[in-house]
file final.txt (compact mmCIF, C-alpha atoms)
# COMPACT_ATOMS: atom_id res chain seq x y z
CA MET A 1 0.00 0.00 0.00
CA ASN A 2 2.97 2.34 0.25
CA SER A 3 3.58 2.62 -3.49
CA LYS A 4 4.06 6.24 -4.47
CA ASN A 5 1.74 5.84 -7.44
CA LYS A 6 -1.04 3.91 -5.71
CA THR A 7 -4.51 5.45 -5.79
CA ILE A 8 -7.87 4.06 -4.81
CA GLU A 9 -9.03 4.10 -8.41
CA SER A 10 -6.00 2.21 -9.73
CA SER A 11 -5.66 -0.29 -6.90
CA LYS A 12 -7.51 -3.57 -6.61
CA PRO A 13 -8.38 -3.54 -2.92
CA ASN A 14 -9.26 -6.72 -1.09
CA THR A 15 -13.00 -7.37 -1.09
CA ILE A 16 -14.73 -8.31 2.13
CA SER A 17 -18.36 -8.96 2.92
CA THR A 18 -20.15 -6.96 5.57
CA ALA A 19 -20.59 -10.16 7.61
CA ARG A 20 -16.79 -10.66 7.86
CA LEU A 21 -15.92 -7.00 8.35
CA ALA A 22 -16.53 -7.02 12.12
CA ASP A 23 -13.93 -9.79 12.63
CA VAL A 24 -11.35 -8.00 10.50
CA LEU A 25 -11.98 -4.75 12.34
CA ALA A 26 -11.60 -6.43 15.74
CA ASP A 27 -8.16 -7.74 14.72
CA ALA A 28 -7.16 -4.36 13.30
CA PHE A 29 -8.18 -2.47 16.44
CA LYS A 30 -5.73 -4.54 18.48
CA SER A 31 -2.79 -3.31 16.40
CA THR A 32 -1.34 0.13 17.09
CA PHE A 33 -0.03 0.28 13.52
CA SER A 34 -3.15 -0.77 11.63
CA LYS A 35 -4.91 1.96 9.69
CA LEU A 36 -7.79 0.76 7.52
CA LEU A 37 -9.49 2.41 4.58
CA LEU A 38 -12.92 1.02 3.68
CA VAL A 39 -14.31 1.54 0.19
CA GLY A 40 -17.96 0.76 -0.40
CA SER A 41 -21.15 1.99 -1.92
CA PRO A 42 -23.31 4.52 -0.07
CA GLY A 43 -25.50 2.87 2.55
CA VAL A 44 -23.61 -0.43 2.71
CA GLY A 45 -23.13 0.13 6.44
CA LYS A 46 -19.47 1.06 6.75
CA THR A 47 -19.98 3.52 9.61
CA ALA A 48 -22.43 1.38 11.58
CA LEU A 49 -20.25 -1.74 11.26
CA VAL A 50 -17.10 0.07 12.33
CA ILE A 51 -18.74 1.59 15.41
CA ALA A 52 -20.35 -1.73 16.40
CA ALA A 53 -17.03 -3.58 16.07
CA TRP A 54 -15.21 -0.90 18.07
CA ASN A 55 -17.78 -1.05 20.87
CA LYS A 56 -17.52 -4.85 20.93
CA ILE A 57 -13.73 -4.90 21.19
CA CYS A 58 -13.74 -2.22 23.91
CA GLU A 59 -16.37 -4.18 25.82
CA SER A 60 -14.25 -7.34 25.64
CA ILE A 61 -11.23 -5.57 27.16
CA GLY A 62 -13.31 -3.76 29.74
CA GLY A 63 -12.84 -0.35 28.20
CA ASP A 64 -15.20 2.57 27.80
CA PRO A 65 -15.35 3.07 24.02
CA GLU A 66 -14.82 6.53 22.63
CA VAL A 67 -15.72 7.14 19.01
CA ILE A 68 -15.04 10.27 16.99
CA VAL A 69 -16.88 10.28 13.68
CA GLU A 70 -15.61 13.10 11.51
CA ASN A 71 -17.19 13.82 8.15
CA ILE A 72 -13.92 14.95 6.66
CA SER A 73 -15.53 16.15 3.42
CA THR A 74 -16.78 19.26 5.23
CA ALA A 75 -13.47 20.04 6.98
CA ALA A 76 -11.05 22.82 6.15
CA PRO A 77 -7.25 22.47 6.38
CA GLU A 78 -7.16 24.71 9.46
CA ASP A 79 -9.50 22.27 11.21
CA LEU A 80 -6.58 19.81 11.14
CA ARG A 81 -3.71 22.21 11.71
CA GLY A 82 -5.31 24.52 14.26
CA LEU A 83 -5.44 28.30 14.24
CA PRO A 84 -2.24 30.25 14.79
CA HIS A 85 -1.90 32.75 17.61
CA ILE A 86 1.03 34.49 19.28
CA VAL A 87 2.23 33.31 22.71
CA ASP A 88 5.33 34.95 24.19
CA GLY A 89 6.29 36.29 20.76
CA ALA A 90 6.06 32.91 19.01
CA ALA A 91 3.37 31.42 16.80
CA LYS A 92 1.46 28.56 18.39
CA PHE A 93 -1.44 26.57 16.98
CA SER A 94 -4.64 25.97 18.90
CA PRO A 95 -6.34 22.69 17.96
CA LEU A 96 -9.89 22.90 16.68
CA THR A 97 -12.76 20.42 16.47
CA PHE A 98 -11.83 16.76 16.68
CA ILE A 99 -8.05 17.37 16.65
CA ARG A 100 -8.24 18.53 20.28
CA LYS A 101 -9.76 15.12 21.16
CA LEU A 102 -7.05 13.31 19.19
CA THR A 103 -4.26 15.06 21.08
CA THR A 104 -5.79 14.63 24.55
CA ALA A 105 -7.30 11.10 24.46
CA THR A 106 -6.48 9.07 27.56
CA LYS A 107 -8.40 5.91 26.65
CA PRO A 108 -8.83 3.80 23.50
CA THR A 109 -10.43 6.07 20.92
CA LEU A 110 -11.52 5.35 17.37
CA CYS A 111 -11.26 8.20 14.89
CA PHE A 112 -13.49 7.34 11.96
CA LEU A 113 -12.77 9.62 9.00
CA ASP A 114 -15.86 9.40 6.81
CA ASP A 115 -16.20 10.52 3.18
CA LEU A 116 -12.45 10.87 2.61
CA GLY A 117 -12.86 10.76 -1.16
CA CYS A 118 -15.13 13.82 -1.06
CA ALA A 119 -12.63 15.91 0.92
CA PRO A 120 -10.74 18.66 -0.91
CA THR A 121 -7.12 17.90 -1.80
CA SER A 122 -5.93 20.49 0.75
CA VAL A 123 -7.74 18.66 3.57
CA GLN A 124 -6.43 15.29 2.42
CA ALA A 125 -2.89 16.73 2.39
CA ALA A 126 -3.36 18.08 5.92
CA LEU A 127 -4.32 14.56 7.06
CA LEU A 128 -0.98 13.07 5.96
CA HIS A 129 0.89 13.99 9.15
CA VAL A 130 -2.09 13.23 11.37
CA ILE A 131 -2.54 9.65 10.14
CA HIS A 132 1.04 8.63 9.48
CA GLY A 133 3.22 10.94 11.53
CA GLY A 134 0.94 11.13 14.52
CA HIS A 135 1.11 14.89 14.91
CA THR A 136 -0.28 18.22 13.84
CA GLU A 137 0.97 21.75 14.34
CA ALA A 138 -1.33 21.74 17.40
CA GLY A 139 0.37 18.76 19.06
CA LYS A 140 1.12 15.03 19.08
CA ILE A 141 -1.71 12.57 18.46
CA SER A 142 -2.41 10.37 21.49
CA PRO A 143 -1.14 6.77 21.24
CA HIS A 144 -4.67 5.68 22.22
CA ILE A 145 -6.06 6.70 18.81
CA ARG A 146 -6.93 4.20 16.05
CA PHE A 147 -7.77 5.49 12.58
CA ILE A 148 -10.23 4.10 10.07
CA GLY A 149 -11.22 5.92 6.92
CA ALA A 150 -14.15 5.33 4.61
CA THR A 151 -15.06 6.45 1.13
CA ASN A 152 -17.17 5.62 -1.84
CA ASP A 153 -15.41 5.32 -5.16
CA ARG A 154 -16.06 7.41 -8.24
CA THR A 155 -18.36 4.81 -9.78
CA HIS A 156 -20.87 5.28 -6.95
CA ARG A 157 -21.69 8.82 -8.14
CA ALA A 158 -21.49 10.12 -4.59
CA GLY A 159 -19.44 13.23 -5.31
CA VAL A 160 -16.10 11.50 -4.85
CA GLY A 161 -13.15 13.20 -6.48
CA GLY A 162 -10.68 10.55 -5.34
CA ILE A 163 -8.08 10.11 -2.64
CA ILE A 164 -4.61 11.50 -3.26
CA ALA A 165 -1.96 8.79 -3.58
CA PRO A 166 0.10 9.87 -0.54
CA LEU A 167 -2.99 9.64 1.70
CA ALA A 168 -4.01 6.25 0.30
CA GLY A 169 -0.47 5.08 1.02
CA ARG A 170 -0.82 6.03 4.71
CA PHE A 171 -3.41 3.28 5.20
CA THR A 172 -1.97 -0.15 5.91
CA THR A 173 -4.98 -1.95 4.42
CA ILE A 174 -7.61 -0.98 1.85
CA LEU A 175 -10.76 -3.10 1.90
CA ASN A 176 -13.59 -3.02 -0.59
CA VAL A 177 -16.77 -3.61 1.43
CA SER A 178 -19.58 -5.35 -0.40
CA PRO A 179 -23.01 -6.14 1.02
CA ASP A 180 -23.87 -9.78 1.68
CA HIS A 181 -26.77 -11.37 -0.11
CA GLY A 182 -29.80 -10.75 2.05
CA TYR A 183 -27.92 -8.39 4.34
CA GLY A 184 -28.77 -5.19 2.49
CA ARG A 185 -28.27 -1.75 3.92
CA VAL A 186 -27.77 -0.83 7.53
CA SER A 187 -30.25 1.82 8.63

call {"tool": "encode", "arguments": {"input": "final.txt", "output": "structure tokens"}}
result
Amino acid sequence: MNSKNKTIESSKPNTISTARLADVLADAFKSTFSKLLLVGSPGVGKTALVIAAWNKICESIGGDPEVIVENISTAAPEDLRGLPHIVDGAAKFSPLTFIRKLTTATKPTLCFLDDLGCAPTSVQAALLHVIHGGHTEAGKISPHIRFIGATNDRTHRAGVGGIIAPLAGRFTTILNVSPDHGYGRVS
């Protein structure tokens, strides 16, 4: 997944059924290095399945699950970097929105980045250091954070412009989520 030229549109991601997704997610949540990107049609249940799997794994380890669902398509780059201000003559960045939670988490926390493919290129670029480097101008991302991203692809006609190759390369696994026969959509 770390190929410099890899994009969601040109890759052939692994396909997984919605029934098996919960097991894969449970394994991924246990790894501090695992960062998943789910690709699936609108309404297939990506968000609901991820949150249910996270709650289940936290319950099994006796934790209190924290979930941050961020619709990244409506974010601006400064939402990820923070706003600059002067402190003692030097520029500092104050974290905004969900970034404050990512830098201060003290318990296992899932950050679910929804609609990545609809996000502007500038927002996707700002996510590079957050997901891979574990930091923003506003501070270091807590080691308690696990990242999962989700997107539709261009063929779904859901306003997806694509995911820039460097961002796609930050995810350790890309899974194409397909509904099971009879499973349908999650409401």

call {"tool": "residues_near_point", "arguments": {"input": "final.txt", "point": "(0.9, 14.4, -3.7)", "cutoff": "9 Å", "atoms": "only C-alpha atoms", "output": "list of chain:residue names"}}
result
A:Lys4, A:Thr121, A:Ala125, A:Ile164, A:Ala165, A:Pro166, A:Leu167

call {"tool": "write_last_selection", "arguments": {"input": "final.txt", "atoms": "C-alpha atoms", "output": "PDB file, in the coordinates of the input"}}
result
ATOM      1  CA  LYS A   4       4.060   6.240  -4.470  1.00  0.00           C
ATOM      2  CA  THR A 121      -7.120  17.900  -1.800  1.00  0.00           C
ATOM      3  CA  ALA A 125      -2.890  16.730   2.390  1.00  0.00           C
ATOM      4  CA  ILE A 164      -4.610  11.500  -3.260  1.00  0.00           C
ATOM      5  CA  ALA A 165      -1.960   8.790  -3.580  1.00  0.00           C
ATOM      6  CA  PRO A 166       0.100   9.870  -0.540  1.00  0.00           C
ATOM      7  CA  LEU A 167      -2.990   9.640   1.700  1.00  0.00           C
TER       8      LEU A 167
END

call {"tool": "residues_around", "arguments": {"input": "final.txt", "residues": "range 88-94 of chain A", "least_positions_apart": "4", "cutoff": "10 Å", "atoms": "only C-alpha atoms", "output": "PDB file with C-alpha atoms, keeping the file's coordinate frame"}}
result
ATOM      1  CA  GLU A  78      -7.160  24.710   9.460  1.00  0.00           C
ATOM      2  CA  ASP A  79      -9.500  22.270  11.210  1.00  0.00           C
ATOM      3  CA  ARG A  81      -3.710  22.210  11.710  1.00  0.00           C
ATOM      4  CA  GLY A  82      -5.310  24.520  14.260  1.00  0.00           C
ATOM      5  CA  LEU A  83      -5.440  28.300  14.240  1.00  0.00           C
ATOM      6  CA  PRO A  84      -2.240  30.250  14.790  1.00  0.00           C
ATOM      7  CA  ILE A  99      -8.050  17.370  16.650  1.00  0.00           C
ATOM      8  CA  ARG A 100      -8.240  18.530  20.280  1.00  0.00           C
ATOM      9  CA  THR A 136      -0.280  18.220  13.840  1.00  0.00           C
ATOM     10  CA  GLU A 137       0.970  21.750  14.340  1.00  0.00           C
ATOM     11  CA  ALA A 138      -1.330  21.740  17.400  1.00  0.00           C
ATOM     12  CA  GLY A 139       0.370  18.760  19.060  1.00  0.00           C
TER      13      GLY A 139
END

call {"tool": "closest_residue", "arguments": {"input": "final.txt", "among": "A:Val69, A:Ile57, A:Leu80, A:Leu110", "to": "Asp23 in chain A", "atoms": "all atoms listed in the file"}}
result
A:Ile57

call {"tool": "closest_residue", "arguments": {"input": "final.txt", "among": "A:Ala76, A:Leu128, A:Cys111, A:Ile174", "to": "Trp54 in chain A", "atoms": "all atoms listed in the file"}}
result
A:Cys111

call {"tool": "closest_residue", "arguments": {"input": "final.txt", "among": "A:Ile131, A:Gly62, A:Asn152, A:Lys107", "to": "Val177 in chain A", "atoms": "all atoms listed in the file"}}
result
A:Asn152

call {"tool": "atom_distance", "arguments": {"input": "final.txt", "atom1": "CA of Thr47 in chain A", "atom2": "CA of Phe98 in chain A"}}
result
17.1 Å

call {"tool": "atom_distance", "arguments": {"input": "final.txt", "atom1": "CA of Phe29 in chain A", "atom2": "CA of Pro179 in chain A"}}
result
21.7 Å

call {"tool": "residues_around", "arguments": {"input": "final.txt", "residues": "Ser41 in chain A", "least_positions_apart": "4", "cutoff": "9 Å", "atoms": "all atoms listed in the file", "output": "list in words"}}
result
Gly45, Lys46, Thr151, Asn152, Asp153, Thr155, His156, Ala158, Val177, Ser178 and Pro179 of chain A

call {"tool": "atom_distance", "arguments": {"input": "final.txt", "atom1": "CA of Arg170 in chain A", "atom2": "CA of Ala52 in chain A"}}
result
24.0 Å
